[in-house]
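Asker: Got a file for you: entry.cif, mmCIF, C-alpha atoms.
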data_model
loop_
_atom_site.label_atom_id
_atom_site.label_comp_id
_atom_site.auth_asym_id
_atom_site.auth_seq_id
_atom_site.Cartn_x
_atom_site.Cartn_y
_atom_site.Cartn_z
CA MET A 1 26.66 -15.67 14.96
CA PHE A 2 26.20 -18.28 17.66
CA LYS A 3 22.60 -18.30 18.85
CA ASN A 4 20.29 -20.17 21.12
CA ASN A 5 16.74 -19.51 22.15
CA LYS A 6 17.80 -18.04 25.49
CA LEU A 7 20.62 -15.66 24.64
CA SER A 8 22.14 -14.11 21.54
CA TYR A 9 25.72 -12.95 21.25
CA PHE A 10 24.91 -9.27 21.63
CA LEU A 11 22.10 -9.16 24.16
CA TYR A 12 21.68 -5.78 25.80
CA PHE A 13 22.65 -6.67 29.37
CA ILE A 14 21.80 -4.84 32.52
CA SER A 15 24.70 -5.91 34.71
CA TYR A 16 23.12 -4.89 37.97
CA ILE A 17 20.70 -2.51 39.59
CA PHE A 18 21.03 -1.13 43.06
CA ILE A 19 18.84 1.24 45.01
CA LEU A 20 19.61 4.56 46.59
CA THR A 21 17.16 6.82 48.34
CA ILE A 22 16.55 10.35 47.16
CA THR A 23 13.89 12.93 47.56
CA SER A 24 11.25 13.72 45.02
CA PRO A 25 11.67 17.15 43.42
CA ALA A 26 10.73 20.05 45.63
CA LYS A 27 7.97 22.28 44.33
CA ALA A 28 9.61 25.01 42.30
CA LEU A 29 9.62 28.44 43.91
CA ASP A 30 8.53 31.39 41.80
CA ILE A 31 9.84 34.84 42.62
CA ASP A 32 8.82 38.29 41.50
CA ALA A 33 11.41 38.67 38.75
CA ARG A 34 11.13 38.79 34.96
CA GLU A 35 14.07 36.40 34.49
CA TYR A 36 15.91 34.23 36.97
CA ILE A 37 17.95 31.08 37.39
CA LEU A 38 19.32 29.23 40.44
CA VAL A 39 22.10 26.71 39.84
CA ASP A 40 24.22 24.40 41.97
CA PHE A 41 27.87 25.35 41.49
CA GLN A 42 29.35 21.84 41.76
CA THR A 43 26.95 19.77 39.66
CA TRP A 44 25.58 22.62 37.51
CA THR A 45 22.06 21.38 38.21
CA VAL A 46 19.36 23.99 37.61
CA LEU A 47 17.15 24.20 40.69
CA ALA A 48 14.77 26.87 39.43
CA GLU A 49 14.50 29.04 36.33
CA LYS A 50 12.24 31.41 34.43
CA ASN A 51 13.03 32.85 30.99
CA ALA A 52 16.65 31.85 31.59
CA ASP A 53 17.53 31.89 27.88
CA GLU A 54 15.71 35.11 27.00
CA PRO A 55 18.03 37.96 25.94
CA MET A 56 17.71 40.75 28.48
CA PRO A 57 19.37 44.08 29.28
CA PRO A 58 21.92 43.12 31.95
CA SER A 59 22.72 46.69 33.01
CA SER A 60 25.77 46.73 35.32
CA MET A 61 25.80 42.95 35.68
CA SER A 62 27.58 42.94 32.32
CA LYS A 63 30.53 44.50 34.17
CA LEU A 64 31.26 40.94 35.27
CA MET A 65 32.52 40.39 31.72
CA THR A 66 34.60 43.56 31.80
CA ALA A 67 36.19 42.39 35.04
CA TYR A 68 36.71 38.91 33.59
CA MET A 69 38.70 40.40 30.70
CA LEU A 70 40.90 42.34 33.11
CA PHE A 71 41.31 39.31 35.41
CA GLU A 72 42.58 37.31 32.44
CA ALA A 73 45.09 40.00 31.52
CA VAL A 74 46.43 40.17 35.08
CA HIS A 75 46.46 36.39 35.47
CA SER A 76 48.44 35.96 32.25
CA GLY A 77 50.98 38.60 33.22
CA ALA A 78 50.03 40.97 30.41
CA VAL A 79 48.91 43.49 33.02
CA SER A 80 50.02 43.97 36.64
CA LEU A 81 47.81 45.05 39.53
CA ASP A 82 50.41 47.78 40.10
CA ASP A 83 50.19 49.14 36.55
CA TYR A 84 48.59 52.53 35.98
CA PHE A 85 45.96 53.28 33.33
CA ASP A 86 45.22 56.75 31.92
CA VAL A 87 41.81 58.38 32.47
CA SER A 88 40.74 59.94 29.18
CA GLU A 89 38.42 62.89 28.74
CA ASN A 90 35.98 60.47 27.09
CA ALA A 91 35.97 58.12 30.08
CA TRP A 92 35.35 61.04 32.42
CA ARG A 93 32.53 62.52 30.35
CA LYS A 94 30.74 59.22 29.65
CA GLY A 95 31.28 57.59 33.04
CA GLY A 96 32.51 60.19 35.50
CA ALA A 97 30.74 62.39 38.03
CA ALA A 98 29.21 64.56 35.32
CA SER A 99 27.51 61.59 33.64
CA GLY A 100 24.92 61.03 36.34
CA GLY A 101 25.54 57.27 36.41
CA SER A 102 27.42 55.06 38.81
CA THR A 103 30.99 56.28 38.96
CA MET A 104 34.35 55.82 40.64
CA PHE A 105 34.83 59.64 40.56
CA LEU A 106 37.99 59.45 38.49
CA GLU A 107 39.59 62.75 37.48
CA PRO A 108 40.16 63.40 33.77
CA ASN A 109 43.77 63.15 32.59
CA SER A 110 44.77 61.39 35.80
CA ARG A 111 46.32 57.95 36.20
CA VAL A 112 44.79 55.15 38.26
CA ARG A 113 46.19 51.87 39.56
CA VAL A 114 44.75 48.65 38.05
CA GLU A 115 43.89 47.17 41.45
CA ASP A 116 41.91 50.31 42.26
CA LEU A 117 40.12 50.05 38.93
CA LEU A 118 39.05 46.51 39.75
CA ARG A 119 37.57 47.67 43.04
CA GLY A 120 35.99 50.62 41.26
CA ILE A 121 34.27 48.25 38.82
CA ILE A 122 33.30 45.55 41.33
CA ILE A 123 32.38 47.53 44.45
CA GLN A 124 31.51 51.00 43.15
CA SER A 125 30.16 49.86 39.74
CA GLY A 126 32.06 52.73 38.16
CA ASN A 127 31.25 53.33 34.51
CA ASP A 128 34.33 55.51 34.24
CA ALA A 129 36.52 52.66 35.53
CA CYS A 130 35.11 50.31 32.88
CA ILE A 131 35.76 52.73 30.06
CA VAL A 132 39.33 53.35 31.26
CA VAL A 133 39.96 49.59 31.20
CA ALA A 134 38.37 49.23 27.76
CA GLU A 135 40.40 52.04 26.21
CA GLU A 136 43.68 50.92 27.75
CA MET A 137 43.26 47.27 26.76
CA ALA A 138 41.73 47.65 23.28
CA GLY A 139 42.23 51.26 22.16
CA THR A 140 38.51 52.08 22.08
CA GLU A 141 35.46 50.94 24.00
CA ASP A 142 33.83 49.70 20.78
CA THR A 143 36.79 47.43 20.04
CA PHE A 144 36.82 46.17 23.61
CA ALA A 145 33.11 45.34 23.36
CA LEU A 146 33.78 43.23 20.28
CA GLU A 147 36.53 41.42 22.16
CA MET A 148 34.16 40.88 25.10
CA THR A 149 31.60 39.28 22.79
CA GLU A 150 34.18 37.04 21.16
CA ARG A 151 35.65 35.91 24.48
CA ALA A 152 32.21 35.38 25.98
CA LEU A 153 31.35 32.89 23.25
CA GLU A 154 34.64 31.08 23.81
CA ILE A 155 33.90 30.52 27.50
CA GLY A 156 30.37 29.25 26.91
CA LEU A 157 28.17 32.35 26.89
CA LYS A 158 25.90 31.53 23.97
CA GLY A 159 23.32 34.31 24.30
CA SER A 160 25.37 37.44 24.95
CA ASN A 161 26.37 40.43 22.86
CA PHE A 162 28.20 43.50 24.11
CA THR A 163 28.30 47.01 22.64
CA ASN A 164 29.95 48.71 25.59
CA SER A 165 31.94 47.92 28.74
CA THR A 166 29.47 49.36 31.23
CA GLY A 167 26.06 47.84 30.58
CA LEU A 168 24.48 51.17 29.75
CA PRO A 169 21.27 50.65 27.71
CA ASP A 170 21.64 49.66 24.07
CA LYS A 171 19.23 47.46 22.12
CA ASP A 172 22.14 45.36 20.84
CA HIS A 173 23.70 44.90 24.28
CA TYR A 174 22.20 41.87 25.98
CA MET A 175 22.85 38.73 28.01
CA THR A 176 20.78 35.84 29.33
CA SER A 177 20.46 34.92 32.98
CA ARG A 178 21.96 31.51 32.15
CA ASP A 179 24.99 33.23 30.62
CA LEU A 180 25.42 35.41 33.68
CA ALA A 181 25.33 32.32 35.91
CA THR A 182 27.93 30.66 33.67
CA LEU A 183 30.11 33.77 33.78
CA ALA A 184 29.86 33.93 37.58
CA ARG A 185 30.96 30.31 37.79
CA ARG A 186 33.90 30.97 35.47
CA ILE A 187 35.04 33.92 37.60
CA ILE A 188 34.91 31.82 40.77
CA LYS A 189 36.69 28.84 39.18
CA ASP A 190 39.18 30.66 36.96
CA PHE A 191 40.24 33.46 39.31
CA PRO A 192 39.88 32.38 42.94
CA GLU A 193 42.73 34.71 43.86
CA TYR A 194 40.62 37.74 42.85
CA TYR A 195 37.12 36.54 43.71
CA SER A 196 37.34 37.87 47.27
CA LEU A 197 37.05 41.39 45.83
CA TYR A 198 33.35 40.73 45.28
CA SER A 199 32.72 40.31 49.01
CA GLU A 200 34.32 43.61 50.03
CA ARG A 201 31.67 45.91 51.50
CA ASN A 202 33.10 49.32 50.63
CA PHE A 203 35.87 51.12 48.81
CA THR A 204 37.16 54.67 49.11
CA TYR A 205 38.72 56.44 46.16
CA ASN A 206 39.44 60.13 45.65
CA GLY A 207 38.22 60.69 49.20
CA ILE A 208 34.77 59.30 48.43
CA LYS A 209 33.59 56.16 50.23
CA GLN A 210 31.05 53.99 48.40
CA PHE A 211 29.36 50.80 49.49
CA ASN A 212 28.83 47.50 47.68
CA ARG A 213 25.23 47.40 46.46
CA ASN A 214 24.86 43.61 46.68
CA PRO A 215 21.99 43.20 49.21
CA LEU A 216 22.87 39.59 50.04
CA LEU A 217 26.24 40.57 51.51
CA SER A 218 24.46 42.21 54.45
CA VAL A 219 22.06 39.37 55.35
CA PRO A 220 22.91 36.04 57.01
CA GLY A 221 23.69 33.29 54.53
CA ASN A 222 27.36 33.54 53.56
CA ALA A 223 26.87 35.39 50.27
CA ASP A 224 30.26 36.44 48.87
CA GLY A 225 29.48 38.01 45.47
CA LEU A 226 28.88 39.13 42.78
CA LYS A 227 27.20 42.13 41.06
CA THR A 228 24.04 44.21 41.01
CA GLY A 229 22.52 46.04 38.06
CA ARG A 230 19.80 48.56 37.50
CA THR A 231 18.50 50.74 34.68
CA SER A 232 15.00 52.01 33.93
CA ILE A 233 14.76 49.53 31.05
CA ALA A 234 16.26 46.49 32.78
CA GLY A 235 14.78 47.01 36.23
CA TYR A 236 16.69 45.80 39.26
CA GLY A 237 19.00 42.80 38.84
CA LEU A 238 21.44 40.71 40.81
CA THR A 239 24.00 38.03 40.07
CA ALA A 240 24.89 36.43 43.40
CA SER A 241 26.68 33.48 44.90
CA ALA A 242 26.67 32.03 48.38
CA MET A 243 28.24 29.06 50.16
CA ARG A 244 26.77 27.14 53.09
CA ASP A 245 28.19 23.99 54.63
CA GLY A 246 30.63 23.58 51.76
CA ARG A 247 27.97 23.88 49.06
CA ARG A 248 27.75 26.84 46.69
CA LEU A 249 24.78 28.17 44.71
CA ILE A 250 24.70 30.80 41.97
CA LEU A 251 21.64 32.97 41.44
CA VAL A 252 20.76 35.45 38.71
CA ALA A 253 17.56 37.49 38.80
CA ASN A 254 16.54 40.50 36.72
CA GLY A 255 13.57 42.72 35.97
CA MET A 256 12.54 43.40 39.57
CA LYS A 257 10.68 46.63 40.32
CA THR A 258 12.47 47.95 43.39
CA ALA A 259 15.66 47.46 45.38
CA LYS A 260 13.56 46.14 48.26
CA ILE A 261 11.99 43.46 46.04
CA ARG A 262 15.43 42.56 44.71
CA SER A 263 16.71 42.02 48.23
CA SER A 264 13.76 40.02 49.53
CA GLU A 265 13.10 37.87 46.46
CA THR A 266 16.71 36.88 45.80
CA SER A 267 17.26 36.11 49.48
CA LYS A 268 14.13 33.96 49.46
CA LEU A 269 15.23 32.03 46.37
CA MET A 270 18.73 31.44 47.70
CA ASP A 271 17.38 30.19 51.04
CA TRP A 272 14.95 27.88 49.22
CA GLY A 273 17.75 26.33 47.18
CA PHE A 274 19.89 25.56 50.21
CA ARG A 275 16.96 24.33 52.28
CA ASN A 276 15.39 21.98 49.73
CA PHE A 277 18.37 20.44 47.95
CA THR A 278 21.58 18.67 48.80
CA ASN A 279 24.50 17.13 46.93
CA LYS A 280 25.38 13.45 46.94
CA ASN A 281 28.79 12.18 45.87
CA LEU A 282 28.01 8.80 44.28
CA PHE A 283 31.19 7.55 42.62
CA ARG A 284 34.80 8.59 42.23
CA LYS A 285 36.98 8.62 39.14
CA GLY A 286 38.68 5.23 38.70
CA GLU A 287 36.29 3.41 41.02
CA ILE A 288 35.23 -0.05 39.79
CA ILE A 289 31.49 0.12 39.24
CA SER A 290 30.82 -3.37 37.89
CA ASN A 291 32.30 -6.21 35.81
CA ALA A 292 31.34 -6.90 32.19
CA ASP A 293 31.37 -10.45 30.79
CA VAL A 294 34.09 -11.05 28.19
CA TRP A 295 33.74 -13.25 25.09
CA LEU A 296 36.72 -15.46 24.24
CA GLY A 297 39.11 -13.53 26.46
CA GLU A 298 42.00 -14.60 28.65
CA GLU A 299 39.88 -13.32 31.54
CA LYS A 300 36.17 -13.89 31.91
CA VAL A 301 35.24 -10.39 33.07
CA VAL A 302 36.61 -6.89 32.69
CA PRO A 303 36.17 -4.30 35.49
CA LEU A 304 34.34 -1.13 34.44
CA ILE A 305 35.42 2.25 35.77
CA LEU A 306 34.50 5.92 35.45
CA GLN A 307 36.81 8.59 34.14
CA GLU A 308 35.15 11.29 36.24
CA ASP A 309 33.72 11.82 39.69
CA ILE A 310 29.94 11.68 39.85
CA SER A 311 28.00 13.98 42.13
CA ILE A 312 24.33 14.81 41.80
CA THR A 313 22.06 17.43 43.31
CA ILE A 314 18.86 16.01 44.77
CA PRO A 315 15.92 17.30 46.82
CA ARG A 316 16.02 16.74 50.57
CA GLN A 317 12.36 15.98 51.22
CA ALA A 318 9.93 13.12 50.36
CA TRP A 319 12.51 10.41 49.66
CA ARG A 320 11.96 8.19 46.64
CA THR A 321 13.81 5.40 44.89
CA LEU A 322 16.74 6.17 42.60
CA GLN A 323 17.92 3.43 40.24
CA VAL A 324 21.53 3.19 39.18
CA LYS A 325 22.09 0.78 36.29
CA VAL A 326 25.14 -0.46 34.44
CA VAL A 327 24.20 -1.17 30.83
CA TYR A 328 26.39 -2.73 28.14
CA SER A 329 26.22 -4.95 25.06
CA GLY A 330 27.71 -8.26 26.09
CA PRO A 331 29.48 -10.46 26.41
CA VAL A 332 32.15 -8.02 25.21
CA PRO A 333 34.34 -9.51 22.43
CA SER A 334 38.06 -9.71 23.11
CA PRO A 335 40.64 -8.36 22.71
CA ILE A 336 39.80 -5.41 24.96
CA ILE A 337 42.01 -2.34 25.20
CA GLU A 338 42.52 -0.54 28.49
CA GLY A 339 40.37 2.59 28.46
CA GLN A 340 38.00 1.18 25.83
CA LYS A 341 34.42 2.37 26.21
CA ILE A 342 32.33 -0.64 27.24
CA GLY A 343 29.02 0.59 28.62
CA THR A 344 27.02 3.26 30.34
CA LEU A 345 26.10 4.08 33.91
CA VAL A 346 22.48 5.27 33.96
CA ILE A 347 21.10 7.16 36.95
CA ASP A 348 17.34 7.58 36.87
CA GLY A 349 14.57 8.38 39.26
CA GLU A 350 11.06 9.65 39.63
CA LYS A 351 10.47 13.05 38.01
CA MET A 352 14.04 13.44 36.81
CA SER A 353 15.72 13.10 33.46
CA PRO A 354 18.09 10.13 33.23
CA LEU A 355 21.77 10.91 33.69
CA GLU A 356 24.26 8.87 31.67
CA TYR A 357 28.00 8.43 32.21
CA GLU A 358 30.39 6.38 30.08
CA LEU A 359 32.09 3.32 31.56
CA PHE A 360 35.52 2.16 30.45
CA ALA A 361 37.65 -0.99 30.71
CA SER A 362 40.04 -0.68 33.63
CA LYS A 363 42.59 -2.93 31.91
CA GLY A 364 43.32 -4.72 28.65
CA ILE A 365 42.34 -8.36 28.10
CA GLU A 366 43.92 -10.50 25.41
CA LYS A 367 42.00 -12.89 23.18
CA LEU A 368 42.14 -16.62 23.93
CA GLY A 369 44.52 -18.77 21.91
CA PHE A 370 43.20 -20.72 18.92
CA PHE A 371 42.46 -24.03 20.68
CA LYS A 372 40.90 -22.34 23.70
CA ARG A 373 38.64 -20.34 21.38
CA ILE A 374 37.51 -23.58 19.66
CA LYS A 375 36.69 -25.12 23.04
CA ALA A 376 34.79 -22.01 24.20
CA ALA A 377 32.82 -21.86 20.94
CA ALA A 378 31.90 -25.54 21.21
CA ASN A 379 30.71 -25.02 24.78
CA HIS A 380 28.59 -22.10 23.62
CA ILE A 381 26.95 -24.17 20.87
CA LEU A 382 26.22 -27.08 23.23
CA PHE A 383 25.35 -25.26 26.41
CA GLY A 384 24.80 -21.60 25.59
CA TYR A 385 27.06 -18.78 26.77
CA SER A 386 28.48 -19.28 30.21
CA ASN A 387 30.92 -17.28 32.21
CA GLU A 388 32.04 -20.40 34.14
#
Here is a file; write its structure as C-alpha cells.
Answerer:
Amino acid sequence: MFKNNKLSYFLYFISYIFILTITSPAKALDIDAREYILVDFQTWTVLAEKNADEPMPPSSMSKLMTAYMLFEAVHSGAVSLDDYFDVSENAWRKGGAASGGSTMFLEPNSRVRVEDLLRGIIIQSGNDACIVVAEEMAGTEDTFALEMTERALEIGLKGSNFTNSTGLPDKDHYMTSRDLATLARRIIKDFPEYYSLYSERNFTYNGIKQFNRNPLLSVPGNADGLKTGRTSIAGYGLTASAMRDGRRLILVANGMKTAKIRSSETSKLMDWGFRNFTNKNLFRKGEIISNADVWLGEEKVVPLILQEDISITIPRQAWRTLQVKVVYSGPVPSPIIEGQKIGTLVIDGEKMSPLEYELFASKGIEKLGFFKRIKAAANHILFGYSNE
C-alpha cells in the first residue's frame, strides 16, 4: 500500500485524549462474613467481595429464586394473585408449624391465595408456603427444584443448584454470593411492580403476626429488601438492597455467627459503599464522541457514536487522573456503512482495569469517484496522507 516514512495507511491512531478527575480506589473494607459481595446496581461494578464465587449453602436466601419463579408466572398471566393454591399434607409436615422451621402456619388441606403466599415467602420466610408453590406449579418439589436450576442458569446464575424450594440444608443445594446479587438485581429490574413486598415490615396470616427479619429495614439508610437466611450449616446470611440519593447498591453476605453480627457488619458494608463511591454518567447513547479520518471518501471524516449510555462507578476520595481515549485504525477506508464498527472508546485510570466500548459510524460515507480517487492517491504519494 501507499507508504511514507511518517505514516502508513493503517497506523493505529489515537484520535484524542481528554482528562477527567476521579478518585483513587478506596481501601477495601473487610467484614466478619465467610462470603460477601457489594455491587453497584446501575453499573454492576463490584465494590468489595470475598469468596464471591464459592458455592455456599444459601439457606432461606434461595427463596428469592422460588419467589422469582412465581413472579414470572404472575407476570406472564399464567397465575393470578387472586388464584388459590392447595396446601398438601406434605407441605404442612415438611414446612408447617410441626416442622420446627420458619413457617407461614398454613393449615393442611386448606387453600391459600397466591398474594398471601408471596408475603408468606418474602416476609415470613415460610417453608410451607414455598412447598405449596412448588407443588402447585410443578407437581412435586423435586421437579420444581430442577426447573429453578434450569431457569437460574438462563438468567445468568452460573454457580447455583437447587434441590428444594426452601433452602433447607442439602449438600447439592448451593448458590454463590455473586449469583444471589445477580438474582436480586433481576427481581428489582424484572418485577418492579412486586418488589415493594420486600420492604413490608410484617404480615399476619391465620391470626399470627410475623415480622420481616431483614435487619437493614429497621436502620436508617433506605434499605428496601430483600431476604435473610440462617441454618446451623450456613450461618447467618443476608441479601439486601438500598437506595440513597438515586443510587442503589446490592449486598450479599453469608456465614456470619450471630444475628447481631449480621446486622452490624452488613450495615457497615452498605454505609461504606455509599460513602466511598459515586456514579458518573460520562456519555449518552448516540452522542458523537469524536471524528475518524476517512480514506478516499466523499467526506473527510466520519462521526463516531456509542450505541449505549456509559456510566461508571468511581471512588469519591483522593482524586486522580482518568484518561478517556478514542482508538481506531485509520484513515478508515471508504465506503463506510452507517452503524459500522470503527473504533473503541477506552477508559483507563490508576489502579483500575481499562474499560472498552465500541464506537460506530453515525452515518454512511460513499467512496470518491474514479478521478477524485486518482487525485487523492497522487497527493498521498507526493505529500503523505492529509485530511485537507
Asker: Just want the 12 Å neighbourhood of Arg151 in chain A, counted on only C-alpha atoms, with same-chain residues fewer than 3 positions away dropped. Output as a list in words.
Answerer: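 Those residues are Met65, Thr66, Tyr68, Met69, Leu70, Glu72, Phe144, Ala145, Leu146, Glu147, Met148, Glu154, Ile155, Gly156, Leu157, Lys158, Ser160, Asn161, Phe162 and Leu183 of chain A.
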Asker: Please evaluate the PyMOL selection byres ((chain A and resi 44) around 10) against the structure above and give the resulting residues as number ranges by chain.
Answerer: A: 38-43, 45-47, 181-182, 185, 249-250, 312-313
Asker: Those same residues, written as a PDB file, keeping the file's coordinate frame with C-alpha atoms?
Answerer:
ATOM      1  CA  LEU A  38      19.320  29.230  40.440  1.00  0.00           C
ATOM      2  CA  VAL A  39      22.100  26.710  39.840  1.00  0.00           C
ATOM      3  CA  ASP A  40      24.220  24.400  41.970  1.00  0.00           C
ATOM      4  CA  PHE A  41      27.870  25.350  41.490  1.00  0.00           C
ATOM      5  CA  GLN A  42      29.350  21.840  41.760  1.00  0.00           C
ATOM      6  CA  THR A  43      26.950  19.770  39.660  1.00  0.00           C
ATOM      7  CA  THR A  45      22.060  21.380  38.210  1.00  0.00           C
ATOM      8  CA  VAL A  46      19.360  23.990  37.610  1.00  0.00           C
ATOM      9  CA  LEU A  47      17.150  24.200  40.690  1.00  0.00           C
ATOM     10  CA  ALA A 181      25.330  32.320  35.910  1.00  0.00           C
ATOM     11  CA  THR A 182      27.930  30.660  33.670  1.00  0.00           C
ATOM     12  CA  ARG A 185      30.960  30.310  37.790  1.00  0.00           C
ATOM     13  CA  LEU A 249      24.780  28.170  44.710  1.00  0.00           C
ATOM     14  CA  ILE A 250      24.700  30.800  41.970  1.00  0.00           C
ATOM     15  CA  ILE A 312      24.330  14.810  41.800  1.00  0.00           C
ATOM     16  CA  THR A 313      22.060  17.430  43.310  1.00  0.00           C
TER      17      THR A 313
END
Asker: Taking all atoms listed in the file into account, which of A:Asp245, A:Asp190, A:Glu338, A:Glu200 comes nearest Ser362 in chain A?
Answerer: A:Glu338
Asker: Which protein, DNA or RNA residues have an atom at most 10 Å from (34.5, 60.1, 29.6), counting only C-alpha atoms? List them as a ChimeraX atom specification.
Answerer: /A:87-99,106-108,127-129,131-132
Asker: Got a sec to resolve the PyMOL selection byres ((chain A and resi 192-198) around 6) on this structure and send the residues as a list of chain:residue names?
Answerer: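 With the shown file as input, the PyMOL selection byres ((chain A and resi 192-198) around 6) matches A:Ile188, A:Phe191, A:Ser199, A:Glu200, A:Gly225, A:Leu226.
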Asker: Got a sec: who's within 10 Å of range 30-32 of chain A, counting all atoms listed in the file, leaving out chain neighbours fewer than 4 positions off, as a count of residues only?
Answerer: 16
Asker: What is the distance, in Å and to one decimal place, between CA of Val79 in chain A and CA of Glu115 in chain A?
Answerer: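 These two atoms are separated by 10.5 Å.
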Asker: What gap, in Å, lies between CA of Leu304 in chain A and CA of Gly343 in chain A?
Answerer: 8.1 Å
